[in-house]
file entry_11.txt (compact mmCIF, C-alpha atoms and all ligand atoms)
# COMPACT_ATOMS: atom_id res chain seq x y z
CA MET A 1 164.29 -55.78 -65.82
CA ALA A 2 164.29 -54.84 -62.11
CA LYS A 3 167.47 -53.06 -61.10
CA ARG A 4 169.53 -54.51 -58.29
CA PHE A 5 170.54 -52.45 -55.23
CA GLU A 6 173.89 -51.23 -56.62
CA THR A 7 172.38 -50.16 -59.91
CA LYS A 8 169.43 -48.43 -58.19
CA LEU A 9 171.91 -46.30 -56.24
CA ILE A 10 173.18 -44.91 -59.50
CA HIS A 11 170.24 -45.05 -61.91
CA SER A 12 166.95 -44.92 -59.97
CA VAL A 13 166.16 -41.26 -60.69
CA LYS A 14 166.37 -39.61 -64.06
CA LYS A 15 169.03 -36.87 -64.12
CA ASN A 16 167.55 -33.48 -63.42
CA ASN A 17 168.06 -31.50 -66.61
CA LEU A 18 164.69 -29.77 -66.55
CA PRO A 19 164.33 -26.13 -67.57
CA ILE A 20 163.02 -25.32 -64.09
CA ARG A 21 163.93 -21.62 -64.21
CA SER A 22 165.82 -21.13 -60.97
CA LYS A 23 166.27 -17.45 -60.09
CA VAL A 24 170.06 -17.69 -60.14
CA THR A 25 172.28 -19.91 -62.24
CA PRO A 26 172.65 -23.32 -60.57
CA ILE A 27 176.07 -24.73 -59.82
CA TYR A 28 176.96 -27.18 -62.61
CA GLN A 29 179.16 -29.28 -60.33
CA THR A 30 179.88 -31.86 -62.97
CA SER A 31 183.12 -32.90 -64.63
CA ALA A 32 181.50 -33.73 -67.97
CA PHE A 33 178.28 -33.54 -70.03
CA THR A 34 176.25 -36.32 -71.64
CA PHE A 35 175.19 -36.85 -75.23
CA GLU A 36 172.07 -38.54 -76.56
CA ASN A 37 173.91 -40.29 -79.37
CA LEU A 38 176.95 -40.13 -81.64
CA GLU A 39 175.29 -37.53 -83.88
CA ASP A 40 174.85 -35.27 -80.85
CA LEU A 41 178.50 -35.72 -79.94
CA GLU A 42 179.57 -34.87 -83.49
CA GLY A 43 177.31 -31.81 -83.27
CA TYR A 44 179.37 -30.55 -80.31
CA PHE A 45 182.54 -30.67 -82.38
CA GLN A 46 180.72 -28.86 -85.21
CA GLY A 47 179.97 -26.07 -82.73
CA GLU A 48 176.28 -26.91 -82.15
CA GLY A 49 176.21 -28.08 -78.53
CA ASN A 50 177.67 -26.14 -75.66
CA TYR A 51 179.59 -28.38 -73.33
CA LEU A 52 181.69 -31.54 -73.36
CA TYR A 53 184.07 -31.67 -70.40
CA SER A 54 184.42 -29.12 -67.60
CA ARG A 55 188.11 -28.45 -68.12
CA THR A 56 187.26 -27.27 -71.63
CA GLY A 57 184.09 -25.40 -70.61
CA ASN A 58 181.37 -25.24 -67.97
CA PRO A 59 178.44 -22.82 -67.56
CA ASN A 60 179.64 -21.33 -64.23
CA PRO A 61 183.15 -20.27 -65.32
CA ASP A 62 181.64 -19.06 -68.60
CA GLU A 63 179.14 -16.92 -66.73
CA LEU A 64 181.95 -15.37 -64.67
CA GLY A 65 184.06 -14.61 -67.76
CA GLN A 66 181.06 -13.10 -69.55
CA MET A 67 180.04 -10.97 -66.56
CA VAL A 68 183.49 -9.41 -66.21
CA ALA A 69 183.72 -8.89 -70.00
CA ALA A 70 180.35 -7.12 -69.90
CA ILE A 71 181.32 -4.72 -67.10
CA GLU A 72 184.72 -4.05 -68.71
CA GLY A 73 182.95 -3.39 -72.02
CA ALA A 74 185.04 -6.11 -73.72
CA PRO A 75 183.74 -8.60 -76.31
CA ALA A 76 185.07 -11.75 -74.60
CA GLY A 77 186.22 -13.08 -71.25
CA ILE A 78 187.25 -16.31 -69.55
CA ALA A 79 187.61 -17.37 -65.94
CA THR A 80 190.70 -19.13 -64.63
CA SER A 81 191.86 -20.93 -61.48
CA SER A 82 193.66 -17.88 -60.01
CA GLY A 83 194.87 -14.39 -60.76
CA LEU A 84 198.28 -15.79 -61.62
CA SER A 85 196.89 -18.30 -64.11
CA ALA A 86 194.90 -15.45 -65.70
CA ILE A 87 198.15 -13.50 -66.10
CA LEU A 88 199.93 -16.60 -67.43
CA ALA A 89 197.17 -17.34 -69.97
CA GLY A 90 197.04 -13.67 -70.99
CA ILE A 91 200.78 -13.45 -71.59
CA LEU A 92 200.97 -16.81 -73.38
CA SER A 93 198.19 -15.74 -75.72
CA VAL A 94 200.57 -13.06 -77.03
CA ALA A 95 204.15 -14.26 -76.40
CA LYS A 96 206.00 -17.53 -77.02
CA SER A 97 209.55 -18.78 -76.58
CA GLY A 98 211.99 -16.28 -78.06
CA ASP A 99 209.74 -13.30 -77.40
CA HIS A 100 210.30 -10.43 -75.00
CA VAL A 101 208.10 -8.55 -72.51
CA VAL A 102 208.57 -5.10 -70.99
CA ALA A 103 206.96 -5.04 -67.54
CA ALA A 104 206.59 -2.44 -64.80
CA ASP A 105 209.15 -2.90 -62.01
CA ASP A 106 206.51 -2.45 -59.29
CA VAL A 107 204.09 -5.24 -60.29
CA TYR A 108 202.59 -7.66 -57.77
CA GLY A 109 205.27 -9.98 -56.30
CA GLY A 110 203.71 -13.16 -57.72
CA SER A 111 203.53 -11.61 -61.20
CA PHE A 112 207.17 -10.56 -60.90
CA HIS A 113 208.11 -14.12 -59.98
CA LEU A 114 206.03 -15.60 -62.82
CA LEU A 115 207.75 -13.37 -65.39
CA TYR A 116 211.23 -13.42 -63.87
CA GLU A 117 211.53 -17.11 -63.00
CA GLU A 118 208.94 -19.26 -64.73
CA LEU A 119 208.51 -17.52 -68.08
CA THR A 120 212.26 -16.93 -68.41
CA GLN A 121 212.71 -20.70 -68.07
CA LEU A 122 210.19 -21.13 -70.88
CA GLY A 123 212.18 -18.78 -73.13
CA ILE A 124 210.13 -15.59 -72.67
CA GLU A 125 212.35 -12.84 -71.32
CA THR A 126 211.22 -9.78 -69.42
CA THR A 127 212.86 -6.42 -68.86
CA PHE A 128 211.52 -4.62 -65.77
CA VAL A 129 211.50 -0.82 -65.86
CA SER A 130 209.68 1.99 -64.12
CA PHE A 131 206.50 2.76 -66.04
CA ALA A 132 206.40 6.13 -64.26
CA ASP A 133 208.96 7.09 -66.93
CA LEU A 134 207.75 6.03 -70.38
CA GLU A 135 211.05 7.00 -71.98
CA GLN A 136 212.60 4.11 -70.07
CA VAL A 137 209.83 1.82 -71.31
CA GLU A 138 210.44 2.86 -74.91
CA LYS A 139 214.21 2.30 -74.51
CA ALA A 140 213.59 -1.23 -73.19
CA ILE A 141 211.60 -2.27 -76.28
CA GLN A 142 213.52 -4.70 -78.51
CA SER A 143 212.87 -6.15 -81.96
CA ASN A 144 211.36 -9.28 -80.35
CA THR A 145 209.22 -7.42 -77.80
CA LYS A 146 205.57 -8.49 -78.03
CA LEU A 147 203.83 -6.85 -75.10
CA LEU A 148 203.84 -4.24 -72.36
CA TYR A 149 202.67 -5.45 -68.95
CA THR A 150 201.59 -3.25 -66.06
CA GLU A 151 198.87 -2.66 -63.43
CA SER A 152 196.22 0.07 -63.36
CA ILE A 153 197.01 0.77 -59.68
CA THR A 154 200.20 -0.61 -58.19
CA ASN A 155 200.94 -2.29 -54.88
CA PRO A 156 201.75 -1.12 -52.22
CA PHE A 157 202.32 2.53 -53.24
CA LEU A 158 199.09 2.88 -55.23
CA ARG A 159 200.66 4.56 -58.21
CA VAL A 160 197.94 5.16 -60.83
CA GLU A 161 199.25 4.10 -64.23
CA ASN A 162 198.86 6.53 -67.12
CA LEU A 163 197.18 3.91 -69.31
CA SER A 164 196.41 6.14 -72.28
CA GLU A 165 200.10 6.99 -72.65
CA VAL A 166 201.13 3.34 -72.24
CA VAL A 167 198.60 2.33 -74.92
CA GLU A 168 199.75 5.13 -77.21
CA LEU A 169 203.35 3.88 -76.96
CA ALA A 170 202.32 0.24 -77.46
CA LYS A 171 200.24 1.03 -80.55
CA ARG A 172 203.04 3.15 -82.02
CA LYS A 173 205.42 0.18 -81.57
CA GLY A 174 202.92 -2.49 -82.68
CA LEU A 175 202.75 -4.12 -79.24
CA VAL A 176 199.88 -5.56 -77.21
CA THR A 177 199.19 -4.06 -73.77
CA VAL A 178 198.20 -6.37 -70.92
CA VAL A 179 196.99 -4.71 -67.71
CA ASP A 180 196.26 -6.17 -64.30
CA ASN A 181 193.14 -4.29 -63.12
CA THR A 182 192.84 -6.07 -59.74
CA PHE A 183 193.32 -3.09 -57.40
CA ALA A 184 191.24 -0.58 -59.38
CA THR A 185 188.47 -3.04 -60.40
CA PRO A 186 186.13 -2.35 -63.34
CA TYR A 187 184.20 -0.03 -60.98
CA HIS A 188 187.00 2.54 -61.04
CA CYS A 189 188.93 1.83 -64.20
CA ASN A 190 188.17 0.56 -67.70
CA PRO A 191 191.47 -0.32 -69.40
CA TYR A 192 189.78 -2.00 -72.40
CA GLY A 193 187.93 1.23 -73.15
CA ILE A 194 191.30 3.05 -73.17
CA GLY A 195 192.71 0.61 -75.77
CA VAL A 196 194.30 -2.08 -73.60
CA GLU A 197 193.88 -5.38 -75.51
CA LEU A 198 193.87 -7.74 -72.52
CA VAL A 199 192.76 -7.03 -68.96
CA VAL A 200 193.52 -9.56 -66.23
CA HIS A 201 192.17 -9.83 -62.71
CA SER A 202 192.80 -11.71 -59.54
CA ALA A 203 189.10 -12.40 -58.84
CA THR A 204 190.34 -13.62 -55.45
CA LYS A 205 190.29 -9.93 -54.51
CA TYR A 206 187.49 -7.40 -55.18
CA ILE A 207 185.63 -9.31 -57.90
CA GLY A 208 184.91 -12.19 -55.53
CA GLY A 209 185.08 -9.74 -52.66
CA HIS A 210 184.52 -12.07 -49.71
CA SER A 211 187.92 -13.76 -49.24
CA ASP A 212 186.46 -17.21 -49.91
CA VAL A 213 187.68 -18.08 -53.42
CA THR A 214 190.84 -18.19 -55.52
CA ALA A 215 190.03 -17.32 -59.13
CA GLY A 216 191.07 -15.16 -62.05
CA VAL A 217 189.65 -13.59 -65.20
CA VAL A 218 191.02 -12.56 -68.59
CA VAL A 219 188.91 -10.23 -70.74
CA GLY A 220 189.57 -8.32 -73.93
CA ARG A 221 190.03 -8.69 -77.67
CA GLU A 222 188.16 -11.72 -78.97
CA ASP A 223 191.05 -13.39 -80.83
CA LEU A 224 193.39 -13.05 -77.85
CA VAL A 225 190.81 -14.31 -75.36
CA ALA A 226 190.24 -17.33 -77.62
CA LYS A 227 193.98 -18.05 -77.45
CA ALA A 228 193.97 -17.54 -73.68
CA ARG A 229 191.06 -19.98 -73.43
CA ALA A 230 193.10 -22.61 -75.28
CA LYS A 231 195.97 -22.07 -72.82
CA VAL A 232 193.64 -22.43 -69.83
CA THR A 233 192.20 -25.67 -71.25
CA ASN A 234 195.51 -27.16 -72.30
CA LEU A 235 197.44 -26.17 -69.17
CA GLY A 236 194.57 -27.22 -66.89
CA ALA A 237 194.18 -23.76 -65.36
CA ASN A 238 190.36 -23.87 -65.26
CA VAL A 239 188.40 -22.74 -62.20
CA SER A 240 185.95 -25.11 -60.51
CA PRO A 241 182.21 -24.59 -61.12
CA PHE A 242 181.62 -23.93 -57.41
CA GLU A 243 184.34 -21.31 -57.11
CA ALA A 244 183.16 -19.62 -60.30
CA TRP A 245 179.61 -19.62 -58.89
CA LEU A 246 180.77 -18.08 -55.60
CA THR A 247 182.72 -15.46 -57.53
CA THR A 248 179.74 -14.42 -59.68
CA ARG A 249 177.69 -14.27 -56.48
CA GLY A 250 180.23 -11.86 -54.99
CA LEU A 251 180.61 -9.86 -58.19
CA LYS A 252 176.96 -8.77 -58.19
CA THR A 253 177.67 -6.45 -55.24
CA LEU A 254 180.94 -5.02 -56.62
CA ALA A 255 179.50 -1.52 -57.11
CA VAL A 256 177.99 -1.21 -53.64
CA ARG A 257 181.08 -2.66 -51.98
CA MET A 258 183.51 -0.49 -53.94
CA ARG A 259 181.50 2.66 -53.34
CA VAL A 260 181.52 2.19 -49.59
CA GLN A 261 185.04 0.77 -49.36
CA SER A 262 186.52 3.58 -51.48
CA GLU A 263 184.68 6.27 -49.51
CA ASN A 264 185.87 4.71 -46.26
CA ALA A 265 189.44 4.49 -47.63
CA ARG A 266 189.37 8.14 -48.61
CA LYS A 267 188.16 9.17 -45.14
CA LEU A 268 190.77 7.01 -43.42
CA ALA A 269 193.51 8.38 -45.68
CA ASP A 270 192.40 11.94 -44.83
CA ALA A 271 192.36 11.22 -41.09
CA LEU A 272 195.79 9.57 -41.12
CA SER A 273 197.26 12.38 -43.26
CA ASN A 274 196.53 14.73 -40.36
CA ASN A 275 198.14 12.46 -37.75
CA PRO A 276 201.65 13.53 -36.65
CA ASN A 277 202.60 9.88 -35.98
CA ILE A 278 202.07 8.93 -39.62
CA ALA A 279 205.10 9.93 -41.71
CA ARG A 280 203.42 9.44 -45.09
CA VAL A 281 200.10 8.36 -46.58
CA TYR A 282 199.95 6.72 -50.01
CA TYR A 283 196.55 7.18 -51.62
CA PRO A 284 195.59 8.48 -55.09
CA PHE A 285 193.84 11.57 -53.65
CA GLU A 286 193.83 13.39 -56.99
CA GLU A 287 191.20 11.05 -58.51
CA GLU A 288 188.34 13.25 -57.41
CA THR A 289 185.48 11.96 -59.53
CA THR A 290 185.15 8.28 -58.69
CA GLY A 291 187.82 7.94 -56.05
CA PHE A 292 190.50 5.42 -56.71
CA GLY A 293 190.08 2.33 -54.70
CA ALA A 294 189.96 0.99 -51.22
CA MET A 295 193.65 0.46 -50.50
CA VAL A 296 195.67 2.88 -48.37
CA SER A 297 199.34 2.48 -47.48
CA VAL A 298 201.00 4.38 -44.66
CA GLU A 299 204.50 4.80 -43.32
CA LEU A 300 204.50 4.93 -39.54
CA ALA A 301 206.60 7.72 -38.01
CA LYS A 302 209.60 6.83 -35.82
CA THR A 303 207.50 7.89 -32.83
CA LEU A 304 205.70 4.50 -33.08
CA ASP A 305 206.78 0.97 -32.21
CA VAL A 306 205.92 -1.05 -35.35
CA SER A 307 205.50 -4.39 -33.62
CA GLN A 308 203.30 -2.82 -30.92
CA PHE A 309 201.21 -1.11 -33.64
CA PHE A 310 200.31 -4.46 -35.25
CA LYS A 311 199.42 -5.87 -31.80
CA SER A 312 197.10 -2.94 -31.07
CA LEU A 313 194.73 -3.14 -34.03
CA GLY A 314 191.83 -4.95 -32.31
CA TRP A 315 189.42 -6.37 -34.87
CA VAL A 316 191.62 -5.30 -37.79
CA LYS A 317 193.51 -8.50 -38.55
CA LEU A 318 196.97 -8.96 -40.07
CA VAL A 319 196.30 -10.88 -43.32
CA PRO A 320 198.53 -11.33 -46.39
CA THR A 321 195.69 -10.58 -48.81
CA LEU A 322 193.24 -7.77 -49.50
CA ALA A 323 189.85 -6.73 -50.81
CA GLY A 324 187.50 -8.49 -48.39
CA VAL A 325 184.58 -6.77 -46.69
CA GLU A 326 186.63 -6.65 -43.47
CA THR A 327 189.29 -3.99 -42.95
CA THR A 328 192.66 -5.76 -42.76
CA VAL A 329 196.33 -4.81 -42.75
CA SER A 330 199.45 -6.35 -44.22
CA HIS A 331 203.15 -5.76 -43.77
CA PRO A 332 204.67 -5.72 -47.29
CA LEU A 333 208.27 -6.09 -46.07
CA LYS A 334 207.49 -9.42 -44.40
CA THR A 335 204.90 -10.76 -46.89
CA SER A 336 204.38 -9.60 -50.50
CA HIS A 337 207.88 -8.16 -50.88
CA ARG A 338 209.74 -10.56 -48.57
CA ALA A 339 211.57 -12.35 -51.37
CA LEU A 340 213.06 -9.18 -52.89
CA PRO A 341 216.76 -8.51 -52.23
CA PRO A 342 217.26 -5.83 -49.50
CA GLU A 343 218.59 -3.32 -52.08
CA ALA A 344 215.43 -3.73 -54.19
CA GLN A 345 213.23 -3.35 -51.09
CA LYS A 346 215.10 -0.19 -50.22
CA ALA A 347 214.94 1.21 -53.77
CA LEU A 348 211.17 0.68 -53.89
CA GLY A 349 210.68 2.15 -50.40
CA ILE A 350 209.48 -1.07 -48.75
CA THR A 351 210.47 -0.34 -45.15
CA ASN A 352 209.63 -1.94 -41.82
CA GLU A 353 207.38 1.08 -41.11
CA LEU A 354 205.22 0.50 -44.22
CA VAL A 355 201.69 -0.75 -43.50
CA ARG A 356 199.20 -1.61 -46.26
CA ILE A 357 195.55 -1.23 -45.33
CA SER A 358 192.67 -2.92 -47.19
CA VAL A 359 189.63 -0.91 -46.15
CA GLY A 360 186.34 -2.75 -45.60
CA ILE A 361 182.66 -1.91 -45.36
CA GLU A 362 182.47 -1.28 -41.59
CA HIS A 363 181.38 2.18 -40.38
CA TYR A 364 184.18 4.62 -41.23
CA GLU A 365 184.21 6.20 -37.77
CA ASP A 366 184.92 2.80 -36.23
CA ILE A 367 187.67 2.11 -38.76
CA ILE A 368 189.33 5.46 -38.07
CA SER A 369 189.12 5.02 -34.30
CA VAL A 370 190.75 1.55 -34.43
CA PHE A 371 193.75 3.08 -36.20
CA GLU A 372 193.86 6.12 -33.92
CA GLN A 373 193.73 3.82 -30.89
CA ALA A 374 196.54 1.62 -32.28
CA ILE A 375 198.68 4.73 -32.86
CA GLU A 376 197.96 5.90 -29.30
CA ASN A 377 198.87 2.46 -27.87
CA SER A 378 202.12 2.11 -29.79
CA LEU A 379 203.74 5.47 -29.01
CA ARG A 380 207.30 4.84 -27.88
C1 LIG B 1 196.62 -11.22 -55.61
C2 LIG B 1 197.07 -10.59 -56.86
C3 LIG B 1 197.46 -11.38 -57.97
C4 LIG B 1 197.51 -12.89 -57.92
O1 LIG B 1 196.24 -13.41 -57.79
P1 LIG B 1 195.96 -14.88 -57.19
O2 LIG B 1 194.50 -14.99 -57.27
O3 LIG B 1 196.53 -14.92 -55.82
O4 LIG B 1 196.67 -15.84 -58.10
C5 LIG B 1 197.84 -10.72 -59.13
N1 LIG B 1 197.84 -9.37 -59.20
C6 LIG B 1 197.49 -8.59 -58.16
C7 LIG B 1 197.53 -7.11 -58.31
C8 LIG B 1 197.10 -9.17 -56.96
O5 LIG B 1 196.76 -8.40 -55.92
call {"tool": "encode", "arguments": {"input": "entry_11.txt", "output": "structure tokens"}}
result
Amino acid sequence: MAKRFETKLIHSVKKNNLPIRSKVTPIYQTSAFTFENLEDLEGYFQGEGNYLYSRTGNPNPDELGQMVAAIEGAPAGIATSSGLSAILAGILSVAKSGDHVVAADDVYGGSFHLLYEELTQLGIETTFVSFADLEQVEKAIQSNTKLLYTESITNPFLRVENLSEVVELAKRKGLVTVVDNTFATPYHCNPYGIGVELVVHSATKYIGGHSDVTAGVVVGREDLVAKARAKVTNLGANVSPFEAWLTTRGLKTLAVRMRVQSENARKLADALSNNPNIARVYYPFEEETTGFGAMVSVELAKTLDVSQFFKSLGWVKLVPTLAGVETTVSHPLKTSHRALPPEAQKALGITNELVRISVGIEHYEDIISVFEQAIENSLR
């Protein structure tokens, strides 16, 4: 029977499902997948077919999860809608109402809020302690503690966590370790290889690398990742096929970006260390072999006008994020750590003079001269 106009609009061309061997994975921008018949559908539930509905699984998010698992050397991985939902899914795969978490007191502000406000309301309590002192961590462990939570490199002071000691303590106490590896990236640090059971990432940062997606990843022990996958599905924390595709596209250049960005960061940190108008440089200089990341924090000396400094940075923009290919700066006191009480800001050392720099892939001499010029132009 000849189709009418409206039907032709929808059904005139057979759906393109051909094995046409595109060089890169296509974007499966579809909310669901079709079945030939009821037997086929039943086959999916028996584990034969791959996909049903994109919230429960889609090739692009799966590819992202598998890529990060592969480079972290972990058996399983899943992609999520954001770094925070990756952290949420990771924690909920281990802890439930009535359980307790011991977390580092210098974790990312959003993670602090998730643990302190949201998870507390759901009955999961967290004690925050300094992980620089593992005796304090051990003292904070209770009979209902299920996991230790920290970051491989912290923000904004770039403290490098001693992961093997954290893992040793966790194993001795029968706890799971969950580590946010966003700042270090799998290029510099491999927590799973050290014995961390779950590694989480804000793929919004270096994994995506181009400041154009919000996404997250959880990788690690197979049974825990399976639980995290159920949380992502049931809480609706899945990432869209397009964003997952963009993220895998960015991830392919992680090594070349990180190599250049870390080398640039090291050179900038060296140059600023020798500048009398910089009171202090925070950078993990001691990590000689691979370098340790592309973030540098500095405390401006009192010889500089802070507001004038931010106005004098030329093409280096003030942005409350990090990890893009462009060099950018942020002001932790007024952004990431704004919500902390003044005493907590003071205790952590978050002052008005503190500037966090995310170093990009521009030529290092140009990066250094922008900062030197800004210092020159903001002398009191
Ligand atoms: C940005 C960030 C997060 C949160 O990630 P989103 O993608 O913004 O949800 C978590 N941890 C660290 C270390 C981050 O920098």
call {"tool": "closest_residue", "arguments": {"input": "entry_11.txt", "among": "A:Arg266, A:Lys146, A:Arg338, A:Lys311", "to": "Ile357 (chain A)", "atoms": "only C-alpha atoms"}}
result
A:Arg266
call {"tool": "residues_around", "arguments": {"input": "entry_11.txt", "residues": "Thr321 (chain A)", "least_positions_apart": "6", "cutoff": "10 Å", "atoms": "only C-alpha atoms", "output": "MDAnalysis selection string"}}
result
chainID A and resid 204:205 211 328:330 335:336 356:358
call {"tool": "write_last_selection", "arguments": {"input": "entry_11.txt", "atoms": "C-alpha atoms", "output": "compact mmCIF listing (two decimals), in the frame of the given file"}}
result
# COMPACT_ATOMS: atom_id res chain seq x y z
CA THR A 204 190.34 -13.62 -55.45
CA LYS A 205 190.29 -9.93 -54.51
CA SER A 211 187.92 -13.76 -49.24
CA THR A 328 192.66 -5.76 -42.76
CA VAL A 329 196.33 -4.81 -42.75
CA SER A 330 199.45 -6.35 -44.22
CA THR A 335 204.90 -10.76 -46.89
CA SER A 336 204.38 -9.60 -50.50
CA ARG A 356 199.20 -1.61 -46.26
CA ILE A 357 195.55 -1.23 -45.33
CA SER A 358 192.67 -2.92 -47.19
call {"tool": "closest_atom_pairs", "arguments": {"input": "entry_11.txt", "of": "chain A", "to": "ligand LIG 1 (chain B)", "cutoff": "7 Å", "atoms": "only C-alpha atoms and all ligand atoms", "output": "tab-separated table"}}
result
residue	atom	partner	partner_atom	distance
A:Ser82	CA	B:LIG1	O2	4.1
A:Gly83	CA	B:LIG1	O1	3.4
A:Leu84	CA	B:LIG1	O4	3.9
A:Ser85	CA	B:LIG1	O4	6.5
A:Tyr108	CA	B:LIG1	C7	5.1
A:Gly110	CA	B:LIG1	C4	6.2
A:Ser111	CA	B:LIG1	C5	6.1
A:Glu151	CA	B:LIG1	C7	6.9
A:Asn155	CA	B:LIG1	C7	6.8
A:Asp180	CA	B:LIG1	C7	6.2
A:Thr182	CA	B:LIG1	C7	5.0
A:Phe183	CA	B:LIG1	C7	5.9
A:His201	CA	B:LIG1	N1	6.7
A:Ser202	CA	B:LIG1	O1	4.2
A:Ala203	CA	B:LIG1	O2	6.2
A:Thr204	CA	B:LIG1	O2	4.7
A:Lys205	CA	B:LIG1	C1	6.6
A:Thr214	CA	B:LIG1	O2	5.2
A:Ala215	CA	B:LIG1	O2	5.4
A:Gly216	CA	B:LIG1	O2	5.9
A:Thr321	CA	B:LIG1	C1	6.9
call {"tool": "closest_residue", "arguments": {"input": "entry_11.txt", "among": "A:Phe292, A:Thr34, A:Glu343, A:Val316", "to": "Lys15 (chain A)", "atoms": "all atoms listed in the file"}}
result
A:Thr34
call {"tool": "residues_around", "arguments": {"input": "entry_11.txt", "residues": "Tyr282 (chain A)", "least_positions_apart": "3", "cutoff": "12 Å", "atoms": "all atoms listed in the file", "output": "ChimeraX atom specification"}}
result
/A:153-160,265-266,268-270,272-273,278-279,285-286,292-300,349,354-357
call {"tool": "write_last_selection", "arguments": {"input": "entry_11.txt", "atoms": "C-alpha atoms", "output": "short mmCIF file (atom, residue, chain, number, x, y, z; two decimals), in the frame of the given file"}}
result
data_model
loop_
_atom_site.label_atom_id
_atom_site.label_comp_id
_atom_site.auth_asym_id
_atom_site.auth_seq_id
_atom_site.Cartn_x
_atom_site.Cartn_y
_atom_site.Cartn_z
CA ILE A 153 197.01 0.77 -59.68
CA THR A 154 200.20 -0.61 -58.19
CA ASN A 155 200.94 -2.29 -54.88
CA PRO A 156 201.75 -1.12 -52.22
CA PHE A 157 202.32 2.53 -53.24
CA LEU A 158 199.09 2.88 -55.23
CA ARG A 159 200.66 4.56 -58.21
CA VAL A 160 197.94 5.16 -60.83
CA ALA A 265 189.44 4.49 -47.63
CA ARG A 266 189.37 8.14 -48.61
CA LEU A 268 190.77 7.01 -43.42
CA ALA A 269 193.51 8.38 -45.68
CA ASP A 270 192.40 11.94 -44.83
CA LEU A 272 195.79 9.57 -41.12
CA SER A 273 197.26 12.38 -43.26
CA ILE A 278 202.07 8.93 -39.62
CA ALA A 279 205.10 9.93 -41.71
CA PHE A 285 193.84 11.57 -53.65
CA GLU A 286 193.83 13.39 -56.99
CA PHE A 292 190.50 5.42 -56.71
CA GLY A 293 190.08 2.33 -54.70
CA ALA A 294 189.96 0.99 -51.22
CA MET A 295 193.65 0.46 -50.50
CA VAL A 296 195.67 2.88 -48.37
CA SER A 297 199.34 2.48 -47.48
CA VAL A 298 201.00 4.38 -44.66
CA GLU A 299 204.50 4.80 -43.32
CA LEU A 300 204.50 4.93 -39.54
CA GLY A 349 210.68 2.15 -50.40
CA LEU A 354 205.22 0.50 -44.22
CA VAL A 355 201.69 -0.75 -43.50
CA ARG A 356 199.20 -1.61 -46.26
CA ILE A 357 195.55 -1.23 -45.33
#
call {"tool": "closest_residue", "arguments": {"input": "entry_11.txt", "among": "A:Asn190, A:Ser312, A:Ala230, A:Glu138", "to": "Glu168 (chain A)", "atoms": "all atoms listed in the file"}}
result
A:Glu138
call {"tool": "closest_residue", "arguments": {"input": "entry_11.txt", "among": "A:Leu379, A:Ala32, A:His188, A:Asn16", "to": "Asn50 (chain A)", "atoms": "only C-alpha atoms"}}
result
A:Ala32
call {"tool": "residues_around", "arguments": {"input": "entry_11.txt", "residues": "Lys171 (chain A)", "least_positions_apart": "6", "cutoff": "10 Å", "atoms": "all atoms listed in the file", "output": "VMD selection string"}}
result
chain A and resid 165 177 195 to 196
call {"tool": "residues_near_point", "arguments": {"input": "entry_11.txt", "point": "(211.8, -4.7, -81.0)", "cutoff": "10 Å", "atoms": "only C-alpha atoms", "output": "list in words"}}
result
Asp99, His100, Glu138, Lys139, Ala140, Ile141, Gln142, Ser143, Asn144, Thr145, Lys146, Lys173, Gly174 and Leu175 of chain A
call {"tool": "write_last_selection", "arguments": {"input": "entry_11.txt", "atoms": "C-alpha atoms", "output": "compact mmCIF listing (two decimals), in the frame of the given file"}}
result
# COMPACT_ATOMS: atom_id res chain seq x y z
CA ASP A 99 209.74 -13.30 -77.40
CA HIS A 100 210.30 -10.43 -75.00
CA GLU A 138 210.44 2.86 -74.91
CA LYS A 139 214.21 2.30 -74.51
CA ALA A 140 213.59 -1.23 -73.19
CA ILE A 141 211.60 -2.27 -76.28
CA GLN A 142 213.52 -4.70 -78.51
CA SER A 143 212.87 -6.15 -81.96
CA ASN A 144 211.36 -9.28 -80.35
CA THR A 145 209.22 -7.42 -77.80
CA LYS A 146 205.57 -8.49 -78.03
CA LYS A 173 205.42 0.18 -81.57
CA GLY A 174 202.92 -2.49 -82.68
CA LEU A 175 202.75 -4.12 -79.24
call {"tool": "atom_distance", "arguments": {"input": "entry_11.txt", "atom1": "CA of Val68 (chain A)", "atom2": "CA of Thr126 (chain A)"}}
result
27.9 Å
call {"tool": "residues_around", "arguments": {"input": "entry_11.txt", "residues": "Arg259 (chain A)", "least_positions_apart": "5", "cutoff": "12 Å", "atoms": "only C-alpha atoms", "output": "NGL selection string"}}
result
:A and (184-185 or 187-188 or 206 or 253-254 or 264-266 or 289-294 or 325 or 359-361)
call {"tool": "closest_residue", "arguments": {"input": "entry_11.txt", "among": "A:His11, A:Lys3, A:His363, A:Arg249", "to": "Asp212 (chain A)", "atoms": "all atoms listed in the file"}}
result
A:Arg249
call {"tool": "atom_distance", "arguments": {"input": "entry_11.txt", "atom1": "CA of Arg221 (chain A)", "atom2": "CA of Gly77 (chain A)"}}
result
8.7 Å
call {"tool": "atom_distance", "arguments": {"input": "entry_11.txt", "atom1": "CA of Val129 (chain A)", "atom2": "CA of Gly220 (chain A)"}}
result
24.5 Å
call {"tool": "closest_residue", "arguments": {"input": "entry_11.txt", "among": "A:Val370, A:Ala79, A:Ala170, A:Val219", "to": "Thr233 (chain A)", "atoms": "all atoms listed in the file"}}
result
A:Ala79
call {"tool": "axis_aligned_box", "arguments": {"input": "entry_11.txt", "around": "region 340-346 of chain A", "padding_each_side": "5 Å", "output": "AutoDock Vina command-line options"}}
result
--center_x 215.8 --center_y -4.7 --center_z -51.8 --size_x 15.5 --size_y 19.0 --size_z 14.7
